[in-house]
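Shown next, in structure tokens, is the structure this report addresses.
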Amino acid sequence: MLEKDVNVGYLTPMRLTLHTDYALRTLIYLGIHTDRLTSIHEIAQAYGISENHLVKIIHRLGRGGFVETLRGRRGGLRLGRPAEEIRIGDVVRYTEEDLGLVTCMQPPVEGTRPCLLVGGCSLRGVLDEALDSFMGVLDSYTLAQAITAHERRFLEAPPPPAA
């Protein structure tokens with residue numbers, strides 16, 4: 001179990017947020033359906049996720065240039081650039097607010113004291129290296145490479161009828 005005392009540096013679990021998970025799923029869906037515009041409703045239905053939550057994710061992906069949104073009657077969503085140009089690491093960096101593995105790697109929080117070992121601890125360097133390696137692997141893959149035959153079979157079904 002992780003130590004929960006906010007005054008002591010501790011390891012946080014290396015886990016991406018649901019926001020990032022849904023962002024990646026959305027991009028995969030759009031990467032499969034490059035022949036047409038899609039809708040938030042369609043993507044939410046495909047994955048069984050909340051449309052309200054997806055609206056926020058699409059908005060953020062749009063601000064980052066990963067998704068293009070077209071308004072109006074014939075509007076919809078599509079990738080903001082080709083899947084071959086979207087690096088998974090870039091998406092993760094853009095959607096994750098905090099990639100610090102230990103509290104001393106995270107922004108300071110008012111009311112907490114810094115770790116007593118700051119300045120002489122080698123663990124932070126080891127964890128920095130591990131995070132760099134993790135992100136390096138994600139940077140080595142594009143969205144196009146993340147779209148496999150399995151995703152295509154599962155997600156290429158015709159869109160649900162418009163409500």
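A note on labels: chains of the structure tokens are A, B, ... as shown, every chain counts residues from 1, and ligands are counted from 1 in their shown order.
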What's the 7 Å shell around stretch 145-158 of chain A, counting only C-alpha atoms, without same-chain residues fewer than 6 positions away, as a compact mmCIF listing (two decimals) with N, CA and C atoms, in the first residue's frame?
```
# COMPACT_ATOMS: atom_id res chain seq x y z
N ILE A 28 -8.27 6.65 -32.15
CA ILE A 28 -8.28 5.39 -32.89
C ILE A 28 -9.55 5.28 -33.72
N TYR A 29 -10.68 5.62 -33.13
CA TYR A 29 -11.95 5.56 -33.85
C TYR A 29 -11.92 6.48 -35.07
N ILE A 32 -9.77 5.15 -37.87
CA ILE A 32 -10.39 4.07 -38.65
C ILE A 32 -11.40 4.64 -39.64
```
Residues of stretch 12-147 of chain A in alpha helix (DSSP H), written as a ChimeraX atom specification: /A:18-32,40-47,51-63,88-95,123-139,143-146
Counting only C-alpha atoms, figure out which residue out of A:Leu143, A:Val137, A:Leu16, A:Leu37 gets nearest to A:Arg74.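 Of the candidates, the smallest distance to A:Arg74 is held by A:Leu37.
You can rank A:His41, A:Arg93, A:Arg78, A:Arg73 by their closest distance to A:His53 using only C-alpha atoms, and at the top of that list sits A:His41.
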Shell around A:Val92 at 9 Å using only C-alpha atoms, local window under 6 positions removed, as a PyMOL selection string: chain A and resi 16+20-21+23-24+135+138
For atom CA of A:Ala83 and atom CA of A:Gly62, determine how far apart the two atoms are, in Å to one decimal place.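 A separation of 14.6 Å between them.
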Atom CA of A:Leu54 and atom CA of A:Ser140 are how many Å apart? 26.4 Å
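Atom CA of A:Leu27 sits 14.0 Å away from atom CA of A:Arg63.
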Go through A:Arg81, A:Arg87, A:Arg25, A:Lys56 one by one, measure the shortest atom-to-atom distance of each to A:Ile43 using only C-alpha atoms, and give the residue with the smallest value.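 Smallest distance to A:Ile43 is found for A:Arg25.
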